[in-house]
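Below is one structure, written out as C-alpha cells; comments come after it.
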Amino acid sequence: MANVNAAVSQSAVAVGLEDLRNNNVEFSLLEEAFGSSSLGIIVVKDLPSKFHQLRHRLLSYASALGNLPEDELVKLESPASKWLVGWSCGKETLKDGRYDTLKGSYYVNCATGFEEQQKTVAEKYPSFPEYTAPNVWPSEELLPGFEETFRELCTLIIDIAALVARACDKYAEANIDGYQKGYLEHVVKTSVSTKARLLHYFPSPDALSKTSSGDEDDWCATHLDHGCLTGLTSAMFVDEAANSPETGAAFAPLQELDRSPDPKAGLYIHSRTGAVTKVSIPRDSLAFQTGEALEIITQGKFKAVPHFVRGAADAAGNGGAGAKIARNTLAVFTQPNLWEKVDEKRDFAAFAKEIVEKNH
C-alpha cells in the first residue's frame with residue numbers, strides 16, 4: 001500500500017513551449033522525463049495567456065456539475081457508452097473490486113474531427129461505444145459556455161501534446177530500430193479516439209479516513225493510463241462551503257484556493273525504484289504523462305508510470321472547520337485511432353478493450 005508519509009516531493013522536468021515549437025529539446029531532457037529511471041512526466045511552461053482563463057473556467061464547471069441534482073445528472077449520462085461519454089460516477093472499479101464513488105467524471109470524445117467521423121467509426125466498430133458514442137452536452141441554459149470552453153481548452157492541449165509527441169518521435173527515430181518516422185505526432189494530430197475527462201473529486205466524506213482506513217489513494221486508486229500522452233492541468237482546490245457552485249445565468253468561475261489545504265493531498269507517482277513521489281504541476285503550466293500505449297510503441301524506451309490521487313482532509317486546521325474541499329482537474333488522453341497498431345499483434349481497439357474490461 002502507498003505510504004504518503006514516506007513520500008518525497010519532486011519537481012517534474014520542465015520545458016518551454018517555444019523550445020518545443022523550435023525543436024530545441026535535448027534527448028537527455030526527454031530521458032530524464034520519460035526514460036528508465038524517470039517519473040514519466042514532463043511539464044510545459046510559458047503557455048499562451050488564454051490557457052489560464054480556460055483552465056479556471058472549465059475547472060469551475062466541474063464543481064457545478066458535481067453539485068447538480070441527481071435527476072439532472074442522469075440526463076447527462078450515456079449508459080450505451082458504458083458511462084465513458086458524459087457524466088459518470090460510481091461506475092468504475094479500480095480498487096479491491098469496489099466502485100469508485102469519490103469522484104465524478106465528465107467524458108468527451110474531444111478530437112477536432114470526431115463529430116465528422118463519429119457515425120462511420122461507430123459502424124466500423126460496433127462493439128466500441130466507449131470510443132464511438134456521440135458526445136452528450138448540458139444545455140446552454142444549465143451551464144452556459146460549458147461546451148465551448150471544454151472544446152477550446154482540449155484543442156489547445158492536443159496542439160501542445162503534438163509538439164511533445166514530435167520531440168518524442170525525434171528521440172525514438174534516433175534510438176529505436178525501425179521506428180516509424182513521425183508516428184506519435186501523427187497519432188496525436190489525427191486520432192479521433194482522443195478522450196478528455198473533466199474530474200471532480202468530491203469533498204472527502206470523512207476527514208479521518210486517511211488515518212483510520214489506511215486508504216492513501218482514496219480519491220483515485222493507483223493505475224496506469226493506457227493511451228500515449230496524457231495532458232494534465234494542475235488541480236484546482238475549491239472550498240465549496242465558502243463558494244457554492246451555481247448554474248444557469250448565475251454561473252461564475254469559482255474562487256480558487258492558493259494551495260491545497262492539505263499538503264499531503266494531490267498527485268503521487270510510483271517511481272521506477274518503488275519510491276512514492278508527490279508531483280505538483282504549476283498552475284500556469286501543463287503536464288504530460290506517459291501511458292501504456294506509448295511504452296509499447298517505444299519498445300519500453302519511455303515508461304508508463306503507476307500513479308494515484310490522495311484526497312484532502314477537511315478537518316479544522318486544513319480547510320478550517322466546516323470546509324468542503326473539492327479538487328477539480330482535466331485529463332486529455334491522446335491515443336491512437338482504433339485501427340492503428342500499437343505492436344505487431346494488436347491494434348489499439350484490441351489493446352483498449354483489454355483495459356476497459358478490466359476497469360469497468
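By order of appearance in the C-alpha cells: chains A, B, ..., then residues from 1 within every chain, and ligands from 1 in the order shown.
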Please, which residues of segment 215-349 of chain A, numbered as in this document, come out alpha helix (DSSP H) from DSSP, as number ranges by chain? A: 292-297, 348-349
Smallest atom-to-atom distance to Arg327 of chain A: which of A:Ala275, A:Met236, A:Leu142, A:Leu54, using only C-alpha atoms?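 Smallest separation from Arg327 of chain A among the options: A:Met236.
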One-decimal distance in Å that lies between atom CA of Leu198 of chain A and atom CA of Glu340 of chain A: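 Result for atom CA of Glu340 of chain A versus atom CA of Leu198 of chain A: 25.9 Å, one decimal.
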Extract, using only C-alpha atoms, all DNA, RNA and protein residues at most 12 Å from Gly35 of chain A, discarding same-chain residues fewer than 6 positions from it, and format them as a list in words.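 After dropping sequence-adjacent residues, the list is Val13, Phe27, Ser28, Leu29, Ile41, Ile42, Cys168, Tyr171, Ala172, Ser271, Arg272, Gln289, Thr290, Leu294, Glu295, Thr298, Gln299, Gly300, Lys301, Phe302, Lys303, Ala304 and Val305 of chain A.
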Of the candidates A:Ser60, A:Ser105, A:Ser81, A:Asn243, which shows the shortest atom-to-atom distance to Ala122 of chain A, using only C-alpha atoms? A:Ser81
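The nearest approach to Asp239 of chain A among the residues A:Glu292, A:Asp258, A:Asp225, A:Asp100, with only C-alpha atoms taken into account, belongs to A:Asp258.
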I want to know what sits within 9 Å of Gly248 of chain A, based on only C-alpha atoms, with residues of the same chain fewer than 3 positions away left out; could you give that as a ChimeraX atom specification? /A:140-144,251
One decimal, Å: what's the distance from atom CA of Lys119 of chain A over to atom CA of Glu152 of chain A, could you say? 22.8 Å
Taking into account only C-alpha atoms, which residue in the set A:Leu68, A:Phe288, A:Asp46, A:Pro245 is nearest to Ala33 of chain A? A:Phe288
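On the backbone of this structure, DSSP gives strand (DSSP E) within segment 143-236 of chain A to Lys195, Ala196, Arg197, Leu198, Leu199, His200, Tyr201, Cys220, Ala221, Thr222, His223, Leu229, Thr230, Gly231, Leu232, Thr233 and Met236 of chain A.
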What does the file look like for those residues with N, CA, C and O atoms, as a compact mmCIF listing (two decimals), in the first residue's frame?
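Everything below was put into out.txt:
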```txt
# COMPACT_ATOMS: atom_id res chain seq x y z
N LYS A 195 -9.63 11.26 -25.89
CA LYS A 195 -10.75 11.45 -24.96
C LYS A 195 -10.32 12.36 -23.81
O LYS A 195 -9.20 12.24 -23.30
N ALA A 196 -11.22 13.25 -23.42
CA ALA A 196 -10.98 14.13 -22.29
C ALA A 196 -11.83 13.70 -21.11
O ALA A 196 -12.95 13.20 -21.28
N ARG A 197 -11.31 13.93 -19.92
CA ARG A 197 -12.02 13.59 -18.68
C ARG A 197 -11.89 14.76 -17.71
O ARG A 197 -10.81 15.03 -17.19
N LEU A 198 -12.98 15.46 -17.53
CA LEU A 198 -13.06 16.51 -16.52
C LEU A 198 -13.43 15.85 -15.20
O LEU A 198 -14.44 15.16 -15.11
N LEU A 199 -12.59 16.04 -14.20
CA LEU A 199 -12.74 15.31 -12.94
C LEU A 199 -13.12 16.23 -11.80
O LEU A 199 -12.54 17.30 -11.62
N HIS A 200 -14.10 15.77 -11.02
CA HIS A 200 -14.50 16.46 -9.79
C HIS A 200 -14.35 15.47 -8.64
O HIS A 200 -15.12 14.52 -8.53
N TYR A 201 -13.33 15.69 -7.83
CA TYR A 201 -13.14 14.87 -6.64
C TYR A 201 -13.97 15.48 -5.52
O TYR A 201 -13.69 16.60 -5.08
N CYS A 220 -8.39 8.53 -5.95
CA CYS A 220 -8.22 7.87 -7.25
C CYS A 220 -7.16 6.79 -7.08
O CYS A 220 -6.00 7.08 -6.84
N ALA A 221 -7.59 5.54 -7.18
CA ALA A 221 -6.70 4.43 -6.86
C ALA A 221 -5.55 4.32 -7.86
O ALA A 221 -5.62 4.81 -8.99
N THR A 222 -4.49 3.65 -7.42
CA THR A 222 -3.29 3.51 -8.25
C THR A 222 -3.62 2.84 -9.58
O THR A 222 -4.29 1.81 -9.63
N HIS A 223 -3.13 3.45 -10.68
CA HIS A 223 -3.44 2.92 -12.01
C HIS A 223 -2.41 3.44 -13.01
O HIS A 223 -1.63 4.35 -12.72
N LEU A 229 0.07 9.94 -24.60
CA LEU A 229 0.42 11.04 -23.71
C LEU A 229 -0.86 11.57 -23.08
O LEU A 229 -1.84 11.83 -23.77
N THR A 230 -0.84 11.72 -21.76
CA THR A 230 -1.98 12.29 -21.05
C THR A 230 -1.65 13.72 -20.67
O THR A 230 -0.70 13.97 -19.93
N GLY A 231 -2.42 14.67 -21.19
CA GLY A 231 -2.25 16.07 -20.82
C GLY A 231 -3.01 16.35 -19.54
O GLY A 231 -4.18 15.99 -19.40
N LEU A 232 -2.37 17.00 -18.58
CA LEU A 232 -2.96 17.27 -17.27
C LEU A 232 -2.85 18.75 -16.91
O LEU A 232 -1.76 19.33 -17.00
N THR A 233 -3.96 19.34 -16.49
CA THR A 233 -3.87 20.65 -15.87
C THR A 233 -3.49 20.47 -14.40
O THR A 233 -3.65 19.39 -13.84
N MET A 236 -7.38 22.33 -9.34
CA MET A 236 -7.99 23.48 -8.67
C MET A 236 -8.63 22.98 -7.38
O MET A 236 -9.48 22.09 -7.41
```
Option closest in space to Glu130 of chain A, from A:Ala165, A:Ala242, A:Leu30, A:Leu84 [counting only C-alpha atoms]: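 So, comparing all the options, the nearest one is A:Leu84.
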Near Pro336 of chain A, counting only C-alpha atoms, which residues have an atom at most 12 Å away, once you skip same-chain residues fewer than 3 positions from it, shown as a compact mmCIF listing (two decimals) with C-alpha atoms, in the first residue's frame?
```
# COMPACT_ATOMS: atom_id res chain seq x y z
CA ALA A 111 -10.72 15.28 -31.15
CA TYR A 131 -14.87 5.41 -28.19
CA TYR A 183 4.39 8.17 -35.73
CA LEU A 184 3.47 9.69 -32.37
CA GLU A 185 2.88 13.19 -33.75
CA HIS A 186 0.67 11.62 -36.44
CA VAL A 187 -1.32 9.77 -33.75
CA VAL A 188 -1.86 12.88 -31.64
CA LYS A 189 -2.81 15.11 -34.58
CA THR A 190 -5.09 12.73 -36.50
CA SER A 191 -6.68 10.40 -33.96
CA VAL A 192 -10.44 10.64 -33.35
CA SER A 193 -10.07 8.35 -30.30
CA THR A 194 -8.60 11.04 -28.06
CA LYS A 195 -10.75 11.45 -24.96
CA HIS A 226 -3.46 3.35 -21.32
CA GLY A 227 -3.04 5.97 -24.06
CA CYS A 228 0.08 7.67 -25.42
CA LEU A 229 0.42 11.04 -23.71
CA GLY A 291 0.73 5.89 -20.94
CA GLU A 292 0.93 2.16 -21.66
CA ALA A 293 0.45 2.54 -25.42
CA LEU A 294 3.47 4.86 -25.63
CA ILE A 297 5.14 1.89 -29.22
CA PHE A 333 -5.82 11.17 -23.15
CA TRP A 339 -7.39 0.69 -36.24
CA GLU A 340 -3.78 1.78 -35.68
CA LYS A 341 -1.21 -0.76 -34.50
CA VAL A 342 0.42 -0.46 -31.08
CA ASP A 343 2.54 -3.57 -31.64
CA ARG A 346 -2.64 -5.69 -31.61
CA ASP A 347 -4.34 -2.61 -32.89
CA PHE A 348 -5.47 -0.03 -30.34
CA ALA A 349 -9.01 -1.45 -30.38
CA ALA A 350 -7.82 -4.81 -29.06
CA PHE A 351 -5.44 -3.20 -26.58
CA ALA A 352 -8.03 -0.78 -25.19
```
Option closest in space to Lys50 of chain A, from A:Lys124, A:Leu156, A:Val74, A:Ala14 [counting only C-alpha atoms]: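 Checking each of A:Lys124, A:Leu156, A:Val74, A:Ala14 against Lys50 of chain A, counting only C-alpha atoms, the winner is A:Leu156.
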For Ala326 of chain A, please output as a PyMOL selection string all residues within 8 Å (counting only C-alpha atoms; exclusion window: fewer than 5 positions along the same chain). chain A and resi 63+200-204+237-240+312
Can you write out the residues you just picked, keeping N, CA, C and O atoms, as a PDB file, in the first residue's frame?
```pdb
ATOM      1  N   SER A  63     -17.115  21.660 -10.556  1.00  0.00           N
ATOM      2  CA  SER A  63     -17.854  21.745  -9.286  1.00  0.00           C
ATOM      3  C   SER A  63     -19.340  21.954  -9.531  1.00  0.00           C
ATOM      4  O   SER A  63     -20.189  21.408  -8.813  1.00  0.00           O
ATOM      5  N   HIS A 200     -14.100  15.772 -11.020  1.00  0.00           N
ATOM      6  CA  HIS A 200     -14.499  16.464  -9.792  1.00  0.00           C
ATOM      7  C   HIS A 200     -14.352  15.471  -8.641  1.00  0.00           C
ATOM      8  O   HIS A 200     -15.118  14.517  -8.530  1.00  0.00           O
ATOM      9  N   TYR A 201     -13.332  15.693  -7.830  1.00  0.00           N
ATOM     10  CA  TYR A 201     -13.138  14.866  -6.637  1.00  0.00           C
ATOM     11  C   TYR A 201     -13.966  15.481  -5.515  1.00  0.00           C
ATOM     12  O   TYR A 201     -13.693  16.601  -5.079  1.00  0.00           O
ATOM     13  N   PHE A 202     -14.978  14.767  -5.092  1.00  0.00           N
ATOM     14  CA  PHE A 202     -15.888  15.286  -4.076  1.00  0.00           C
ATOM     15  C   PHE A 202     -15.148  15.537  -2.759  1.00  0.00           C
ATOM     16  O   PHE A 202     -14.164  14.849  -2.454  1.00  0.00           O
ATOM     17  N   PRO A 203     -15.622  16.511  -1.986  1.00  0.00           N
ATOM     18  CA  PRO A 203     -15.059  16.666  -0.641  1.00  0.00           C
ATOM     19  C   PRO A 203     -15.114  15.337   0.104  1.00  0.00           C
ATOM     20  O   PRO A 203     -16.134  14.639   0.065  1.00  0.00           O
ATOM     21  N   SER A 204     -14.010  14.941   0.731  1.00  0.00           N
ATOM     22  CA  SER A 204     -13.951  13.650   1.406  1.00  0.00           C
ATOM     23  C   SER A 204     -15.014  13.587   2.495  1.00  0.00           C
ATOM     24  O   SER A 204     -15.096  14.492   3.332  1.00  0.00           O
ATOM     25  N   PHE A 237      -8.225  23.540  -6.257  1.00  0.00           N
ATOM     26  CA  PHE A 237      -8.861  23.228  -4.980  1.00  0.00           C
ATOM     27  C   PHE A 237      -9.856  24.330  -4.643  1.00  0.00           C
ATOM     28  O   PHE A 237      -9.529  25.514  -4.731  1.00  0.00           O
ATOM     29  N   VAL A 238     -11.067  23.919  -4.287  1.00  0.00           N
ATOM     30  CA  VAL A 238     -12.155  24.852  -4.024  1.00  0.00           C
ATOM     31  C   VAL A 238     -12.815  24.477  -2.702  1.00  0.00           C
ATOM     32  O   VAL A 238     -13.062  23.283  -2.442  1.00  0.00           O
ATOM     33  N   ASP A 239     -13.095  25.471  -1.881  1.00  0.00           N
ATOM     34  CA  ASP A 239     -13.904  25.244  -0.681  1.00  0.00           C
ATOM     35  C   ASP A 239     -15.360  25.497  -1.064  1.00  0.00           C
ATOM     36  O   ASP A 239     -15.798  26.649  -1.179  1.00  0.00           O
ATOM     37  N   GLU A 240     -16.097  24.412  -1.290  1.00  0.00           N
ATOM     38  CA  GLU A 240     -17.481  24.546  -1.764  1.00  0.00           C
ATOM     39  C   GLU A 240     -18.430  25.001  -0.665  1.00  0.00           C
ATOM     40  O   GLU A 240     -19.571  25.384  -0.959  1.00  0.00           O
ATOM     41  N   ALA A 312      -8.028  15.446   0.093  1.00  0.00           N
ATOM     42  CA  ALA A 312      -7.702  16.479   1.070  1.00  0.00           C
ATOM     43  C   ALA A 312      -8.561  16.306   2.308  1.00  0.00           C
ATOM     44  O   ALA A 312      -9.779  16.196   2.212  1.00  0.00           O
TER      45      ALA A 312
END
```
